[in-house]
Amino acid sequence: MKHKELSLLRLHNQCLGRQPFTLPEEVVRWMGAMQAQDYLGVLWAVALRTGKEITEADVEKAIGEGKIVRTWPMRGTLHLLAPEDVKWMLELLTPRILKSAAGRHRDLELDKEIFMKSGNVFEKALSGEKHLTRDEMYTALERSGISTEGQRGYHILWYWGQNGLICWGPRQGKQHTFVLLDEWVSGGKDLTGDEALDELTRRYVRSHGPITERDFAYWAGTTLTDARKGLEILGKEVEKVEIDGQNYFFTGDFDYKKVKGTVHLLPPFDEILTGYKDRSAVLKSQSTQSIILRNGIIKSIIVDREAVVGSWKRKLKKDKVEMEFEFFEELSTTKRVKLERMGRKYGRFLGRVAEWNL
């Protein structure tokens, strides 16, 4: 296997070279977790990976019905998850994340007493399947004598998201809301310890492979020791291939010749980049600085088969979306036609007419 084939297999496993699913929740379940700090971007990321054209409203409907859950399962970052995976992932990954945040909590003068009091405030305010916006959650805290100044409010929300008390609920207009996790998500897989690590490893390798041990540790926010342990637990379930002295792990078989020369318009923070510590397989060194900014923001990207060839951004108007492209290399006429086709698909996803200059 070469780097080019590795990239194509990743596209295939991430359902960008194929679309075996028709429902948004099926995509999220397959992917294990999808980074979702850019909310509107991840809606498109889900839609791209379905086998039929679905709209932004279709994905939001699945979230609004609790078929997809948005919370902080790994790396302290928002992700989309299948509802049955939320609790066991939080239980597995939260302890290390909270330990790493202890210093910041001390700086904000957030101690155990304040966290316990704020948890009681949230439980009382949300009980009975209520939905509250962030500002309403802050107001509830302030009325109870808990300051939300600086970043205290956000870290209190984050803390109780990590501990499984609250999660994000449906939007009210353009405002996101919070709900009690136990009221929003019923049941779920009962996995702990090695059993949970086994499931997390399996889901990541099958949807993101080929991956390295360091890729897995980065994506899950776990230790390299645990990443290696997870791969060892899977044993013969995974295939291993060496490329330039580095071991990569994946599952299943794949015929690279069947991959079509498709051009993809991927949103900010798409898993094709955020799912790996080493992104060199798709991101050439000369384009890194323009795609991944110093503040950690990752731009929307244009992928041609196995490599990033440019970036794009949008501007919403009343009934249309204006798209602007920036290329790192000249695209052939055929590839520009494919790009235009994808641009029109994005317009249909938004329910708007897509316009651009090429």
# chains A, B, ... in the order shown; residues from 1 in each chain; ligands from 1

$ residues_around --residues "segment 214-217 of chain A" --least-positions-apart "3" --cutoff "7 Å" --atoms "only C-alpha atoms" --output "list in words"
Ile211, Ala220, Gly221, Thr222, Thr223, Leu224, Ala227, Tyr276, Lys277 and Asp278 of chain A

$ residues_around --residues "segment 65-81 of chain A" --least-positions-apart "5" --cutoff "10 Å" --atoms "only C-alpha atoms" --output "PyMOL selection string"
chain A and resi 24-39+42-43+46+59-60+86-94+96-98+100-101+158-164+166-170+178+181+184-186+218-222

$ write_last_selection --atoms "C-alpha atoms" --output "PDB file, in the first residue's frame"
ATOM      1  CA  PRO A  24     -28.263  10.820   9.033  1.00  0.00           C
ATOM      2  CA  GLU A  25     -28.209   8.764  12.226  1.00  0.00           C
ATOM      3  CA  GLU A  26     -26.782   5.758  10.342  1.00  0.00           C
ATOM      4  CA  VAL A  27     -23.830   7.857   9.206  1.00  0.00           C
ATOM      5  CA  VAL A  28     -23.098   9.116  12.724  1.00  0.00           C
ATOM      6  CA  ARG A  29     -23.368   5.617  14.167  1.00  0.00           C
ATOM      7  CA  TRP A  30     -20.878   4.301  11.584  1.00  0.00           C
ATOM      8  CA  MET A  31     -18.403   7.146  12.150  1.00  0.00           C
ATOM      9  CA  GLY A  32     -18.360   6.616  15.924  1.00  0.00           C
ATOM     10  CA  ALA A  33     -18.095  10.357  16.546  1.00  0.00           C
ATOM     11  CA  MET A  34     -17.967  13.390  14.240  1.00  0.00           C
ATOM     12  CA  GLN A  35     -16.392  16.650  15.361  1.00  0.00           C
ATOM     13  CA  ALA A  36     -19.185  19.199  15.659  1.00  0.00           C
ATOM     14  CA  GLN A  37     -17.883  22.483  17.048  1.00  0.00           C
ATOM     15  CA  ASP A  38     -18.888  24.022  13.701  1.00  0.00           C
ATOM     16  CA  TYR A  39     -22.552  23.071  13.897  1.00  0.00           C
ATOM     17  CA  VAL A  42     -21.138  19.098  10.535  1.00  0.00           C
ATOM     18  CA  LEU A  43     -24.687  19.022   9.173  1.00  0.00           C
ATOM     19  CA  VAL A  46     -23.305  14.078   7.657  1.00  0.00           C
ATOM     20  CA  VAL A  59     -30.109  16.361   9.609  1.00  0.00           C
ATOM     21  CA  GLU A  60     -31.409  18.919  12.096  1.00  0.00           C
ATOM     22  CA  VAL A  86     -23.061   8.672  24.621  1.00  0.00           C
ATOM     23  CA  LYS A  87     -22.940   7.337  28.169  1.00  0.00           C
ATOM     24  CA  TRP A  88     -20.309   4.631  27.753  1.00  0.00           C
ATOM     25  CA  MET A  89     -18.027   6.951  25.764  1.00  0.00           C
ATOM     26  CA  LEU A  90     -18.316   9.647  28.425  1.00  0.00           C
ATOM     27  CA  GLU A  91     -17.583   7.146  31.177  1.00  0.00           C
ATOM     28  CA  LEU A  92     -14.523   5.854  29.321  1.00  0.00           C
ATOM     29  CA  LEU A  93     -13.005   9.166  28.230  1.00  0.00           C
ATOM     30  CA  THR A  94     -14.136  11.825  30.704  1.00  0.00           C
ATOM     31  CA  ARG A  96      -8.623  12.012  31.658  1.00  0.00           C
ATOM     32  CA  ILE A  97     -10.240  15.105  30.108  1.00  0.00           C
ATOM     33  CA  LEU A  98     -11.369  16.456  33.484  1.00  0.00           C
ATOM     34  CA  SER A 100      -6.355  17.931  32.179  1.00  0.00           C
ATOM     35  CA  ALA A 101      -8.844  20.758  32.837  1.00  0.00           C
ATOM     36  CA  TRP A 158     -18.840  21.784  29.760  1.00  0.00           C
ATOM     37  CA  TYR A 159     -18.174  20.074  33.096  1.00  0.00           C
ATOM     38  CA  TRP A 160     -21.714  18.769  33.362  1.00  0.00           C
ATOM     39  CA  GLY A 161     -21.717  17.759  29.713  1.00  0.00           C
ATOM     40  CA  GLN A 162     -18.577  15.712  30.356  1.00  0.00           C
ATOM     41  CA  ASN A 163     -20.163  14.160  33.438  1.00  0.00           C
ATOM     42  CA  GLY A 164     -23.310  13.162  31.575  1.00  0.00           C
ATOM     43  CA  ILE A 166     -26.664  17.598  30.285  1.00  0.00           C
ATOM     44  CA  CYS A 167     -26.212  17.570  26.522  1.00  0.00           C
ATOM     45  CA  TRP A 168     -27.232  19.809  23.657  1.00  0.00           C
ATOM     46  CA  GLY A 169     -30.861  19.594  22.598  1.00  0.00           C
ATOM     47  CA  PRO A 170     -32.833  20.915  19.613  1.00  0.00           C
ATOM     48  CA  PHE A 178     -29.549  22.199  26.627  1.00  0.00           C
ATOM     49  CA  LEU A 181     -29.126  13.681  29.153  1.00  0.00           C
ATOM     50  CA  TRP A 184     -33.085  12.997  26.225  1.00  0.00           C
ATOM     51  CA  VAL A 185     -31.344   9.635  25.804  1.00  0.00           C
ATOM     52  CA  SER A 186     -32.929   6.422  27.013  1.00  0.00           C
ATOM     53  CA  TYR A 218      -5.233  11.787  19.327  1.00  0.00           C
ATOM     54  CA  TRP A 219      -8.779  11.224  18.046  1.00  0.00           C
ATOM     55  CA  ALA A 220     -10.052   9.609  21.250  1.00  0.00           C
ATOM     56  CA  GLY A 221      -8.084  11.890  23.560  1.00  0.00           C
ATOM     57  CA  THR A 222      -6.654   8.857  25.304  1.00  0.00           C
TER      58      THR A 222
END

$ residues_around --residues "segment 50-53 of chain A" --least-positions-apart "3" --cutoff "6 Å" --atoms "only C-alpha atoms" --output "PDB file with N, CA and C atoms, in the first residue's frame"
ATOM      1  N   GLN A  19     -21.561   5.700  -0.489  1.00  0.00           N
ATOM      2  CA  GLN A  19     -22.583   6.141   0.454  1.00  0.00           C
ATOM      3  C   GLN A  19     -23.547   4.983   0.729  1.00  0.00           C
ATOM      4  N   PRO A  20     -23.204   4.096   1.682  1.00  0.00           N
ATOM      5  CA  PRO A  20     -24.050   2.931   1.949  1.00  0.00           C
ATOM      6  C   PRO A  20     -25.257   3.226   2.836  1.00  0.00           C
ATOM      7  N   PHE A  21     -25.321   4.449   3.410  1.00  0.00           N
ATOM      8  CA  PHE A  21     -26.391   4.763   4.353  1.00  0.00           C
ATOM      9  C   PHE A  21     -27.351   5.799   3.770  1.00  0.00           C
ATOM     10  N   THR A  22     -28.594   5.759   4.230  1.00  0.00           N
ATOM     11  CA  THR A  22     -29.600   6.700   3.733  1.00  0.00           C
ATOM     12  C   THR A  22     -30.088   7.664   4.805  1.00  0.00           C
ATOM     13  N   ALA A  47     -24.570  14.899   5.750  1.00  0.00           N
ATOM     14  CA  ALA A  47     -25.335  14.766   4.504  1.00  0.00           C
ATOM     15  C   ALA A  47     -24.477  14.208   3.376  1.00  0.00           C
TER      16      ALA A  47
END

$ residues_around --residues "Asp190 of chain A" --least-positions-apart "3" --cutoff "10 Å" --atoms "only C-alpha atoms" --output "list in words"
Glu84, Asp85, Lys87, Trp88, Gly187, Glu195 and Ala196 of chain A

$ select_by_dssp --residues "segment 93-304 of chain A" --states "alpha helix (DSSP H)" --output "PyMOL selection string"
chain A and resi 93-107+112-126+134-143+152-162+181-184+193-208+213-220+224-234+271-274+285-291

$ write_last_selection --atoms "C-alpha atoms" --output "tab-separated table (two decimals), in the first residue's frame"
chain	number	residue	atom	x	y	z
A	93	LEU	CA	-13.00	9.17	28.23
A	94	THR	CA	-14.14	11.82	30.70
A	95	PRO	CA	-11.73	11.12	33.64
A	96	ARG	CA	-8.62	12.01	31.66
A	97	ILE	CA	-10.24	15.10	30.11
A	98	LEU	CA	-11.37	16.46	33.48
A	99	LYS	CA	-7.91	15.86	34.95
A	100	SER	CA	-6.36	17.93	32.18
A	101	ALA	CA	-8.84	20.76	32.84
A	102	ALA	CA	-8.21	20.92	36.61
A	103	GLY	CA	-5.70	23.75	36.34
A	104	ARG	CA	-8.04	25.91	34.26
A	105	HIS	CA	-10.84	25.27	36.74
A	106	ARG	CA	-8.62	26.44	39.60
A	107	ASP	CA	-7.82	29.61	37.65
A	112	LYS	CA	-16.20	20.83	43.76
A	113	GLU	CA	-18.73	22.77	45.84
A	114	ILE	CA	-19.58	25.14	42.98
A	115	PHE	CA	-19.83	22.30	40.49
A	116	MET	CA	-22.16	20.33	42.76
A	117	LYS	CA	-24.35	23.37	43.36
A	118	SER	CA	-24.49	24.19	39.64
A	119	GLY	CA	-25.45	20.59	38.86
A	120	ASN	CA	-28.41	20.86	41.21
A	121	VAL	CA	-29.40	24.14	39.53
A	122	PHE	CA	-29.34	22.54	36.07
A	123	GLU	CA	-31.24	19.46	37.20
A	124	LYS	CA	-33.99	21.58	38.74
A	125	ALA	CA	-34.17	24.00	35.78
A	126	LEU	CA	-34.32	21.30	33.09
A	134	ARG	CA	-27.19	28.99	27.04
A	135	ASP	CA	-28.27	32.42	28.25
A	136	GLU	CA	-31.15	30.85	30.16
A	137	MET	CA	-28.77	28.35	31.75
A	138	TYR	CA	-26.47	31.24	32.76
A	139	THR	CA	-29.42	33.13	34.21
A	140	ALA	CA	-30.37	30.11	36.33
A	141	LEU	CA	-26.80	29.98	37.68
A	142	GLU	CA	-26.65	33.71	38.43
A	143	ARG	CA	-29.97	33.59	40.29
A	152	ARG	CA	-16.92	30.30	34.15
A	153	GLY	CA	-20.36	29.77	32.61
A	154	TYR	CA	-19.02	27.82	29.65
A	155	HIS	CA	-16.79	25.62	31.82
A	156	ILE	CA	-19.68	24.81	34.14
A	157	LEU	CA	-21.78	23.73	31.15
A	158	TRP	CA	-18.84	21.78	29.76
A	159	TYR	CA	-18.17	20.07	33.10
A	160	TRP	CA	-21.71	18.77	33.36
A	161	GLY	CA	-21.72	17.76	29.71
A	162	GLN	CA	-18.58	15.71	30.36
A	181	LEU	CA	-29.13	13.68	29.15
A	182	ASP	CA	-31.13	11.03	31.02
A	183	GLU	CA	-34.39	12.54	29.77
A	184	TRP	CA	-33.09	13.00	26.22
A	193	GLY	CA	-13.37	-0.84	30.92
A	194	ASP	CA	-11.74	-3.01	28.26
A	195	GLU	CA	-15.11	-3.77	26.71
A	196	ALA	CA	-15.69	-0.06	26.08
A	197	LEU	CA	-12.14	0.43	24.79
A	198	ASP	CA	-12.63	-2.54	22.46
A	199	GLU	CA	-15.81	-1.02	21.00
A	200	LEU	CA	-14.29	2.45	20.60
A	201	THR	CA	-11.24	1.01	18.83
A	202	ARG	CA	-13.34	-1.14	16.51
A	203	ARG	CA	-15.59	1.77	15.52
A	204	TYR	CA	-12.65	4.10	14.87
A	205	VAL	CA	-10.58	1.64	12.86
A	206	ARG	CA	-13.46	0.56	10.62
A	207	SER	CA	-14.63	4.13	9.87
A	208	HIS	CA	-11.30	5.99	9.77
A	213	GLU	CA	-1.63	4.21	17.11
A	214	ARG	CA	-0.96	7.94	17.51
A	215	ASP	CA	-3.94	8.80	15.29
A	216	PHE	CA	-6.20	6.78	17.59
A	217	ALA	CA	-4.76	8.29	20.78
A	218	TYR	CA	-5.23	11.79	19.33
A	219	TRP	CA	-8.78	11.22	18.05
A	220	ALA	CA	-10.05	9.61	21.25
A	224	LEU	CA	-0.87	6.01	23.57
A	225	THR	CA	-0.77	3.05	25.95
A	226	ASP	CA	-4.56	2.70	25.83
A	227	ALA	CA	-4.56	3.13	22.05
A	228	ARG	CA	-2.10	0.25	21.72
A	229	LYS	CA	-4.11	-1.80	24.18
A	230	GLY	CA	-7.30	-1.26	22.17
A	231	LEU	CA	-5.61	-2.44	18.98
A	232	GLU	CA	-4.20	-5.45	20.78
A	233	ILE	CA	-7.68	-6.37	22.07
A	234	LEU	CA	-9.00	-6.41	18.50
A	271	GLU	CA	-13.20	14.06	10.01
A	272	ILE	CA	-10.97	13.54	6.97
A	273	LEU	CA	-8.59	15.95	8.74
A	274	THR	CA	-9.66	16.07	12.41
A	285	SER	CA	3.01	20.65	3.29
A	286	GLN	CA	2.67	23.80	1.20
A	287	SER	CA	-1.06	24.01	1.88
A	288	THR	CA	-0.99	23.29	5.61
A	289	GLN	CA	-0.66	26.89	6.78
A	290	SER	CA	-3.57	28.11	4.68
A	291	ILE	CA	-5.89	25.26	5.77

$ atom_distance --atom1 "atom CA of Lys299 of chain A" --atom2 "atom CA of Arg49 of chain A"
18.9 Å

$ closest_residue --among "A:His12, A:Arg171, A:His3, A:Arg314" --to "Ala62 of chain A" --atoms "only C-alpha atoms"
A:Arg171

$ closest_residue --among "A:Ile146, A:Ile63, A:Val238, A:Val303" --to "Leu8 of chain A" --atoms "only C-alpha atoms"
A:Val303

$ atom_distance --atom1 "atom CA of Leu283 of chain A" --atom2 "atom CA of Ala307 of chain A"
6.3 Å

$ residues_around --residues "Glu355 of chain A" --least-positions-apart "6" --cutoff "7 Å" --atoms "only C-alpha atoms" --output "list of chain:residue names"
A:Val321, A:Glu322, A:Met323

$ closest_residue --among "A:Gly145, A:Ser332, A:His264, A:Ile292" --to "Arg279 of chain A" --atoms "only C-alpha atoms"
A:Ile292

$ atom_distance --atom1 "atom CA of Asn13 of chain A" --atom2 "atom CA of Thr192 of chain A"
26.3 Å

$ closest_atom_pairs --of "segment 251-326 of chain A" --to "segment 334-337 of chain A" --cutoff "12 Å" --atoms "only C-alpha atoms" --output "JSON lines"
{"residue": "A:Lys260", "atom": "CA", "partner": "A:Lys335", "partner_atom": "CA", "distance": 11.7}
{"residue": "A:Gly261", "atom": "CA", "partner": "A:Lys335", "partner_atom": "CA", "distance": 8.3}
{"residue": "A:Thr262", "atom": "CA", "partner": "A:Lys335", "partner_atom": "CA", "distance": 8.0}
{"residue": "A:Val263", "atom": "CA", "partner": "A:Lys335", "partner_atom": "CA", "distance": 6.9}
{"residue": "A:His264", "atom": "CA", "partner": "A:Lys335", "partner_atom": "CA", "distance": 10.4}
{"residue": "A:Ile302", "atom": "CA", "partner": "A:Lys335", "partner_atom": "CA", "distance": 11.1}
{"residue": "A:Val303", "atom": "CA", "partner": "A:Lys335", "partner_atom": "CA", "distance": 10.7}
{"residue": "A:Asp304", "atom": "CA", "partner": "A:Lys335", "partner_atom": "CA", "distance": 8.1}
{"residue": "A:Arg305", "atom": "CA", "partner": "A:Lys335", "partner_atom": "CA", "distance": 10.3}
{"residue": "A:Val309", "atom": "CA", "partner": "A:Lys335", "partner_atom": "CA", "distance": 11.0}
{"residue": "A:Phe325", "atom": "CA", "partner": "A:Arg336", "partner_atom": "CA", "distance": 10.9}
